[in-house]
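Inspection log for the structure reproduced underneath, given as structure tokens.
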Amino acid sequence: MGRFVDVSHQITHDMTTYPGLPGPQIEDHITFDASQRSYAPGTEFSITRISMVANTGTYIDMPAHRYRDGADLADLDLEKVADVPGTVVDAPAREVGPEAFAGVPVQGRAVLIRTGWDRHWRTDKYGAPEHPFLTEEGARLLAEQGARMVGIDSVNIDDTSEAAQGARPAHSVLLAKGVPVVEHMCMLNRLPAEGFRFFAVPAKVRGMGTFPVRAFAIIDD
């Protein structure tokens, strides 16, 4: 049935995903020892609690992340994020514009932008403003040509430098067209340019526009 490749980051206690956002707090809710009071001898369970912002680890952005009336996680059609034919695009330049997608099939596909920035994960460099990003023109091309989903292995799909003045055109263009965005991906170097199916399914939560995913691909053999 093909080879599985995980392209999502591990979530650990108190880690930083995006500079300035709090790290997840992972703790026991019920320990094995405490649970023994409720079960038959020799039977025990552990229940763990996690408190985190939605933008933790590798996560998906829905239109509700950007627009007040946008579709949220509970509105997400599975065909947009599960068993989607994938395309990997190498983008060595900091600004990923429409020229990066010349001759690349994007219609109906998960378009994954491979910048290599994930090599800085869990370092101060990762959140630096010089990270690679998708330009407004690049986002518009992907939306107009019918990309089903867009992902990137950088800290943000948009420019976050002072020059951007807080604008987020890639998010705005893609999410306005209902194209989910997957950020903070990793190990895209393990994927071919084509010949794989991509999955990035979040929990079905009403009222949230962003949530972590287990992003992975199945490479056709």
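Residue numbering restarts at 1 for every chain of the structure tokens, chains are lettered A, B, ... in their displayed order, and ligands are numbered from 1 as they appear.
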Legend entry - Residues within 9 Å of range 216-219 of chain A, only C-alpha atoms, excluding chain neighbours under 2 positions, as a PyMOL selection string: chain A and resi 1-8+83+86+191-192+194-200+214+221
With range 31-54 of chain A as the partner and 12 Å as the cut-off, tabulate the residues of range 149-206 of chain A that qualify, each row holding the nearest pair of atoms and their distance in Å to one decimal, using only C-alpha atoms, sorted by chain and rising number, as JSON lines.
{"residue": "A:Pro202", "atom": "CA", "partner": "A:Ala54", "partner_atom": "CA", "distance": 10.7}
{"residue": "A:Ala203", "atom": "CA", "partner": "A:Ala54", "partner_atom": "CA", "distance": 11.0}
{"residue": "A:Val205", "atom": "CA", "partner": "A:Ala54", "partner_atom": "CA", "distance": 11.0}
Inset, instruction - For Thr135 in chain A, work out the shell of residues within 10 Å, counting only C-alpha atoms and skipping chain neighbours fewer than 3 positions away, then give it as a ChimeraX atom specification. - result: /A:94-98,132,138-141,157-159,168-171
Inset, instruction - Please give the complete set of residues from range 4-220 of chain A that DSSP, run on the backbone, assigns to strand (DSSP E), formatted as a VMD selection string. - result: chain A and resid 4 to 6 25 to 30 47 to 51 59 to 61 84 to 90 95 to 96 110 to 114 133 to 134 149 to 152 181 to 183 196 to 199 210 to 212 216 to 219
Output N, CA and C atoms for every residue in the selection just made, as a compact mmCIF listing (two decimals), in the first residue's frame.
# COMPACT_ATOMS: atom_id res chain seq x y z
N PHE A 4 5.04 4.91 4.21
CA PHE A 4 4.58 6.04 5.00
C PHE A 4 5.77 6.93 5.38
N VAL A 5 5.58 8.24 5.25
CA VAL A 5 6.60 9.21 5.65
C VAL A 5 5.94 10.30 6.49
N ASP A 6 6.40 10.41 7.73
CA ASP A 6 5.88 11.42 8.66
C ASP A 6 6.59 12.74 8.39
N GLN A 25 1.62 22.73 27.78
CA GLN A 25 1.83 22.21 29.13
C GLN A 25 1.20 20.81 29.19
N ILE A 26 2.03 19.81 29.33
CA ILE A 26 1.59 18.42 29.34
C ILE A 26 1.78 17.87 30.75
N GLU A 27 0.72 17.36 31.36
CA GLU A 27 0.80 16.91 32.75
C GLU A 27 -0.20 15.78 33.00
N ASP A 28 -0.01 15.09 34.11
CA ASP A 28 -0.94 14.03 34.49
C ASP A 28 -2.26 14.62 34.95
N HIS A 29 -3.35 14.02 34.49
CA HIS A 29 -4.67 14.31 35.05
C HIS A 29 -5.02 13.22 36.06
N ILE A 30 -4.83 11.98 35.65
CA ILE A 30 -4.95 10.83 36.56
C ILE A 30 -3.73 9.95 36.32
N ILE A 47 -4.42 9.08 32.39
CA ILE A 47 -5.06 10.11 31.58
C ILE A 47 -4.22 11.37 31.71
N THR A 48 -3.80 11.90 30.57
CA THR A 48 -2.92 13.06 30.54
C THR A 48 -3.68 14.28 30.04
N ARG A 49 -3.32 15.42 30.56
CA ARG A 49 -3.93 16.70 30.16
C ARG A 49 -2.89 17.52 29.38
N ILE A 50 -3.35 18.19 28.32
CA ILE A 50 -2.49 19.12 27.59
C ILE A 50 -3.20 20.45 27.47
N SER A 51 -2.50 21.51 27.77
CA SER A 51 -3.01 22.87 27.60
C SER A 51 -2.09 23.57 26.60
N TYR A 59 0.62 22.40 12.21
CA TYR A 59 -0.83 22.62 12.35
C TYR A 59 -1.44 23.11 11.05
N ILE A 60 -2.76 23.02 11.02
CA ILE A 60 -3.51 23.46 9.84
C ILE A 60 -4.28 24.72 10.16
N ASP A 61 -4.31 25.64 9.21
CA ASP A 61 -5.11 26.86 9.31
C ASP A 61 -6.33 26.72 8.42
N VAL A 84 -4.89 13.11 -0.51
CA VAL A 84 -4.80 14.12 -1.56
C VAL A 84 -3.52 13.90 -2.36
N PRO A 85 -3.58 13.85 -3.68
CA PRO A 85 -2.33 13.74 -4.44
C PRO A 85 -1.43 14.93 -4.14
N GLY A 86 -0.14 14.64 -3.93
CA GLY A 86 0.77 15.69 -3.50
C GLY A 86 1.81 16.08 -4.52
N THR A 87 2.27 17.31 -4.38
CA THR A 87 3.35 17.85 -5.20
C THR A 87 4.31 18.59 -4.27
N VAL A 88 5.59 18.30 -4.37
CA VAL A 88 6.60 19.03 -3.61
C VAL A 88 7.33 19.97 -4.55
N VAL A 89 7.44 21.22 -4.11
CA VAL A 89 8.11 22.24 -4.91
C VAL A 89 9.32 22.74 -4.13
N ASP A 90 10.49 22.63 -4.71
CA ASP A 90 11.71 23.15 -4.08
C ASP A 90 11.77 24.66 -4.28
N GLU A 95 11.90 34.40 -1.02
CA GLU A 95 10.57 34.75 -1.50
C GLU A 95 10.13 33.73 -2.54
N VAL A 96 9.06 33.03 -2.24
CA VAL A 96 8.55 31.99 -3.14
C VAL A 96 7.41 32.58 -3.95
N ALA A 110 -2.21 18.73 -3.01
CA ALA A 110 -1.57 19.34 -1.85
C ALA A 110 -0.20 19.81 -2.32
N VAL A 111 -0.01 21.11 -2.34
CA VAL A 111 1.25 21.68 -2.82
C VAL A 111 2.12 21.98 -1.60
N LEU A 112 3.23 21.25 -1.46
CA LEU A 112 4.09 21.37 -0.29
C LEU A 112 5.37 22.09 -0.70
N ILE A 113 5.63 23.22 -0.06
CA ILE A 113 6.77 24.06 -0.41
C ILE A 113 7.96 23.67 0.47
N ARG A 114 8.98 23.16 -0.15
CA ARG A 114 10.16 22.66 0.56
C ARG A 114 11.27 23.72 0.52
N PHE A 133 9.13 32.48 2.67
CA PHE A 133 7.68 32.67 2.70
C PHE A 133 7.11 32.67 1.29
N LEU A 134 5.81 32.48 1.20
CA LEU A 134 5.09 32.51 -0.07
C LEU A 134 4.60 33.93 -0.33
N MET A 149 -4.74 22.20 -1.09
CA MET A 149 -4.13 22.50 0.21
C MET A 149 -2.71 22.98 -0.08
N VAL A 150 -2.17 23.85 0.80
CA VAL A 150 -0.80 24.35 0.63
C VAL A 150 -0.07 24.21 1.95
N GLY A 151 1.15 23.66 1.90
CA GLY A 151 1.95 23.51 3.11
C GLY A 151 3.34 24.08 2.92
N ILE A 152 4.02 24.36 4.05
CA ILE A 152 5.37 24.89 4.00
C ILE A 152 6.14 24.43 5.23
N VAL A 181 -4.12 25.77 4.97
CA VAL A 181 -2.68 25.99 5.00
C VAL A 181 -2.08 25.16 6.12
N VAL A 182 -1.02 24.40 5.82
CA VAL A 182 -0.31 23.62 6.83
C VAL A 182 1.07 24.23 7.01
N GLU A 183 1.36 24.68 8.25
CA GLU A 183 2.64 25.32 8.54
C GLU A 183 3.48 24.46 9.47
N PHE A 196 2.87 10.65 -4.55
CA PHE A 196 2.51 10.35 -3.16
C PHE A 196 1.14 10.94 -2.84
N ARG A 197 0.55 10.41 -1.79
CA ARG A 197 -0.73 10.92 -1.28
C ARG A 197 -0.47 11.57 0.07
N PHE A 198 -1.14 12.69 0.32
CA PHE A 198 -0.85 13.48 1.52
C PHE A 198 -2.06 13.54 2.45
N PHE A 199 -1.78 13.54 3.76
CA PHE A 199 -2.81 13.57 4.80
C PHE A 199 -2.40 14.59 5.86
N THR A 210 -7.66 26.72 13.85
CA THR A 210 -6.32 26.15 13.74
C THR A 210 -6.19 24.99 14.71
N PHE A 211 -5.41 23.96 14.33
CA PHE A 211 -5.21 22.83 15.23
C PHE A 211 -4.04 21.98 14.73
N PRO A 212 -3.29 21.36 15.65
CA PRO A 212 -2.21 20.47 15.21
C PRO A 212 -2.73 19.30 14.38
N PHE A 216 1.37 13.43 7.09
CA PHE A 216 2.18 12.34 6.56
C PHE A 216 1.82 12.08 5.10
N ALA A 217 2.71 11.37 4.45
CA ALA A 217 2.49 11.02 3.05
C ALA A 217 2.62 9.53 2.89
N ILE A 218 1.95 9.01 1.90
CA ILE A 218 2.13 7.60 1.47
C ILE A 218 2.72 7.67 0.07
N ILE A 219 3.93 7.19 -0.06
CA ILE A 219 4.62 7.22 -1.34
C ILE A 219 4.27 5.97 -2.14
Inset, instruction - For each of A:Thr160, A:Lys125, A:Ala82, A:Ala64, take the minimum atom-to-atom distance to Val213 in chain A, counting only C-alpha atoms, then give the residue where this is smallest. - result: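 Answer, going by the shortest atom-to-atom distance: A:Ala82.
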Legend entry - Interatomic distance (Å, one decimal) between CA of Ala74 in chain A and CA of Asp14 in chain A: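 Atom-to-atom, CA of Ala74 in chain A to CA of Asp14 in chain A, that is 27.2 Å.
Residue nearest Val179 in chain A within the list A:Ala215, A:Ala128, A:Met62, A:Ala102: A:Met62 [criterion: smallest interatomic distance, only C-alpha atoms].
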Inset, instruction - From a DSSP pass on the backbone, collect the residues of range 109-212 of chain A flagged as helix (DSSP H, G or I) and hand them back as a ChimeraX atom specification. - result: /A:117-120,124-127,136-144,162-164,169-176,188-190
Inset, instruction - For CA of Pro19 in chain A and CA of Gly127 in chain A, quote the distance in Å rounded to one decimal. - result: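 Atom-to-atom, CA of Pro19 in chain A and CA of Gly127 in chain A are spaced 6.0 Å apart.
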Inset, instruction - Record the distance separating CA of Tyr18 in chain A and CA of Gly207 in chain A, expressed in Å with one decimal. - result: 21.6 Å
Legend entry - Shortest interatomic distance to Thr115 in chain A - which of A:Ala164, A:Cys186, A:Gly146, A:Arg68, counting only C-alpha atoms: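 Residue with the minimum atom-to-atom distance to Thr115 in chain A: A:Cys186.
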Do a neighbour search on Ala71 in chain A at 10 Å with only C-alpha atoms, toss out local chain neighbours closer than 3 positions, and write the hits as a CSV table (one decimal) with N, CA, C and O atoms, in the first residue's frame.
chain,number,residue,atom,x,y,z
A,62,MET,N,-7.5,27.0,9.0
A,62,MET,CA,-8.7,27.1,8.3
A,62,MET,C,-9.1,28.5,8.0
A,62,MET,O,-8.6,29.4,8.7
A,63,PRO,N,-10.1,28.8,7.2
A,63,PRO,CA,-10.6,30.2,6.9
A,63,PRO,C,-10.9,30.9,8.2
A,63,PRO,O,-10.7,32.1,8.3
A,64,ALA,N,-11.5,30.2,9.2
A,64,ALA,CA,-11.8,30.9,10.5
A,64,ALA,C,-10.6,31.4,11.3
A,64,ALA,O,-10.8,32.2,12.2
A,65,HIS,N,-9.4,31.0,10.9
A,65,HIS,CA,-8.2,31.5,11.5
A,65,HIS,C,-8.0,33.0,11.1
A,65,HIS,O,-7.5,33.8,11.8
A,66,ARG,N,-8.5,33.3,9.9
A,66,ARG,CA,-8.3,34.6,9.3
A,66,ARG,C,-9.5,35.5,9.2
A,66,ARG,O,-9.5,36.7,9.3
A,67,TYR,N,-10.7,34.8,9.0
A,67,TYR,CA,-11.9,35.5,8.7
A,67,TYR,C,-13.0,35.1,9.7
A,67,TYR,O,-13.2,34.0,10.0
A,68,ARG,N,-13.7,36.1,10.2
A,68,ARG,CA,-14.7,35.9,11.3
A,68,ARG,C,-15.8,35.0,10.9
A,68,ARG,O,-16.3,34.3,11.7
A,74,ALA,N,-14.6,22.1,12.3
A,74,ALA,CA,-15.8,21.2,12.2
A,74,ALA,C,-16.4,21.2,10.8
A,74,ALA,O,-17.1,20.3,10.4
A,75,ASP,N,-16.1,22.3,10.0
A,75,ASP,CA,-16.6,22.4,8.6
A,75,ASP,C,-15.7,21.8,7.6
A,75,ASP,O,-16.1,21.7,6.4
A,76,LEU,N,-14.6,21.3,8.0
A,76,LEU,CA,-13.6,20.9,7.1
A,76,LEU,C,-14.0,19.6,6.3
A,76,LEU,O,-14.3,18.6,7.0
A,175,LEU,N,-6.9,31.4,2.3
A,175,LEU,CA,-8.0,31.1,3.2
A,175,LEU,C,-9.3,31.7,2.7
A,175,LEU,O,-10.4,31.1,2.9
A,176,ALA,N,-9.2,32.8,2.0
A,176,ALA,CA,-10.4,33.4,1.4
A,176,ALA,C,-11.0,32.4,0.3
A,176,ALA,O,-12.2,32.4,0.1
A,178,GLY,N,-10.8,29.2,0.6
A,178,GLY,CA,-11.1,27.9,1.2
A,178,GLY,C,-10.0,26.9,1.1
A,178,GLY,O,-10.2,25.7,1.3
A,206,ARG,N,-15.5,22.4,16.8
A,206,ARG,CA,-16.3,23.6,16.5
A,206,ARG,C,-15.8,24.8,17.2
A,206,ARG,O,-15.5,24.8,18.3
A,207,GLY,N,-15.6,25.9,16.4
A,207,GLY,CA,-15.2,27.2,17.0
A,207,GLY,C,-13.7,27.4,17.0
A,207,GLY,O,-13.3,28.4,17.6
A,208,MET,N,-12.9,26.6,16.3
A,208,MET,CA,-11.5,26.8,16.2
A,208,MET,C,-11.1,26.8,14.8
A,208,MET,O,-11.6,26.0,13.9
A,209,GLY,N,-10.1,27.7,14.4
A,209,GLY,CA,-9.7,27.8,13.1
A,209,GLY,C,-8.3,27.2,12.8
A,209,GLY,O,-7.9,27.2,11.7
Legend entry - Nearest to His120 in chain A by atom-to-atom distance, counting only C-alpha atoms, from A:Ala167, A:Val104, A:Ala193, A:Met185: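 Smallest distance to His120 in chain A is found for A:Met185.
For the choices A:Asn156, A:Thr123, A:Gln107, A:Asn189, the atom-to-atom distance to Asn55 in chain A is smallest for A:Asn156 when using only C-alpha atoms.
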Inset, instruction - Find the residues around Gly57 in chain A up to 6 Å (only C-alpha atoms counted), leave out those fewer than 6 positions away in its own chain, and share them as a PyMOL selection string. - result: chain A and resi 9+11+17
Same residues, N, CA, C and O atoms, output as a tab-separated table (two decimals), in the first residue's frame:
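As a result, part-v9.tsv now contains:
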chain	number	residue	atom	x	y	z
A	9	HIS	N	6.16	17.72	13.10
A	9	HIS	CA	7.01	17.83	14.27
A	9	HIS	C	6.38	17.16	15.49
A	9	HIS	O	5.16	17.12	15.64
A	11	ILE	N	5.36	17.12	19.34
A	11	ILE	CA	4.97	18.11	20.34
A	11	ILE	C	5.49	17.65	21.70
A	11	ILE	O	5.19	16.54	22.14
A	17	THR	N	6.87	26.82	19.37
A	17	THR	CA	6.56	26.65	17.95
A	17	THR	C	6.76	27.97	17.23
A	17	THR	O	7.57	28.07	16.32
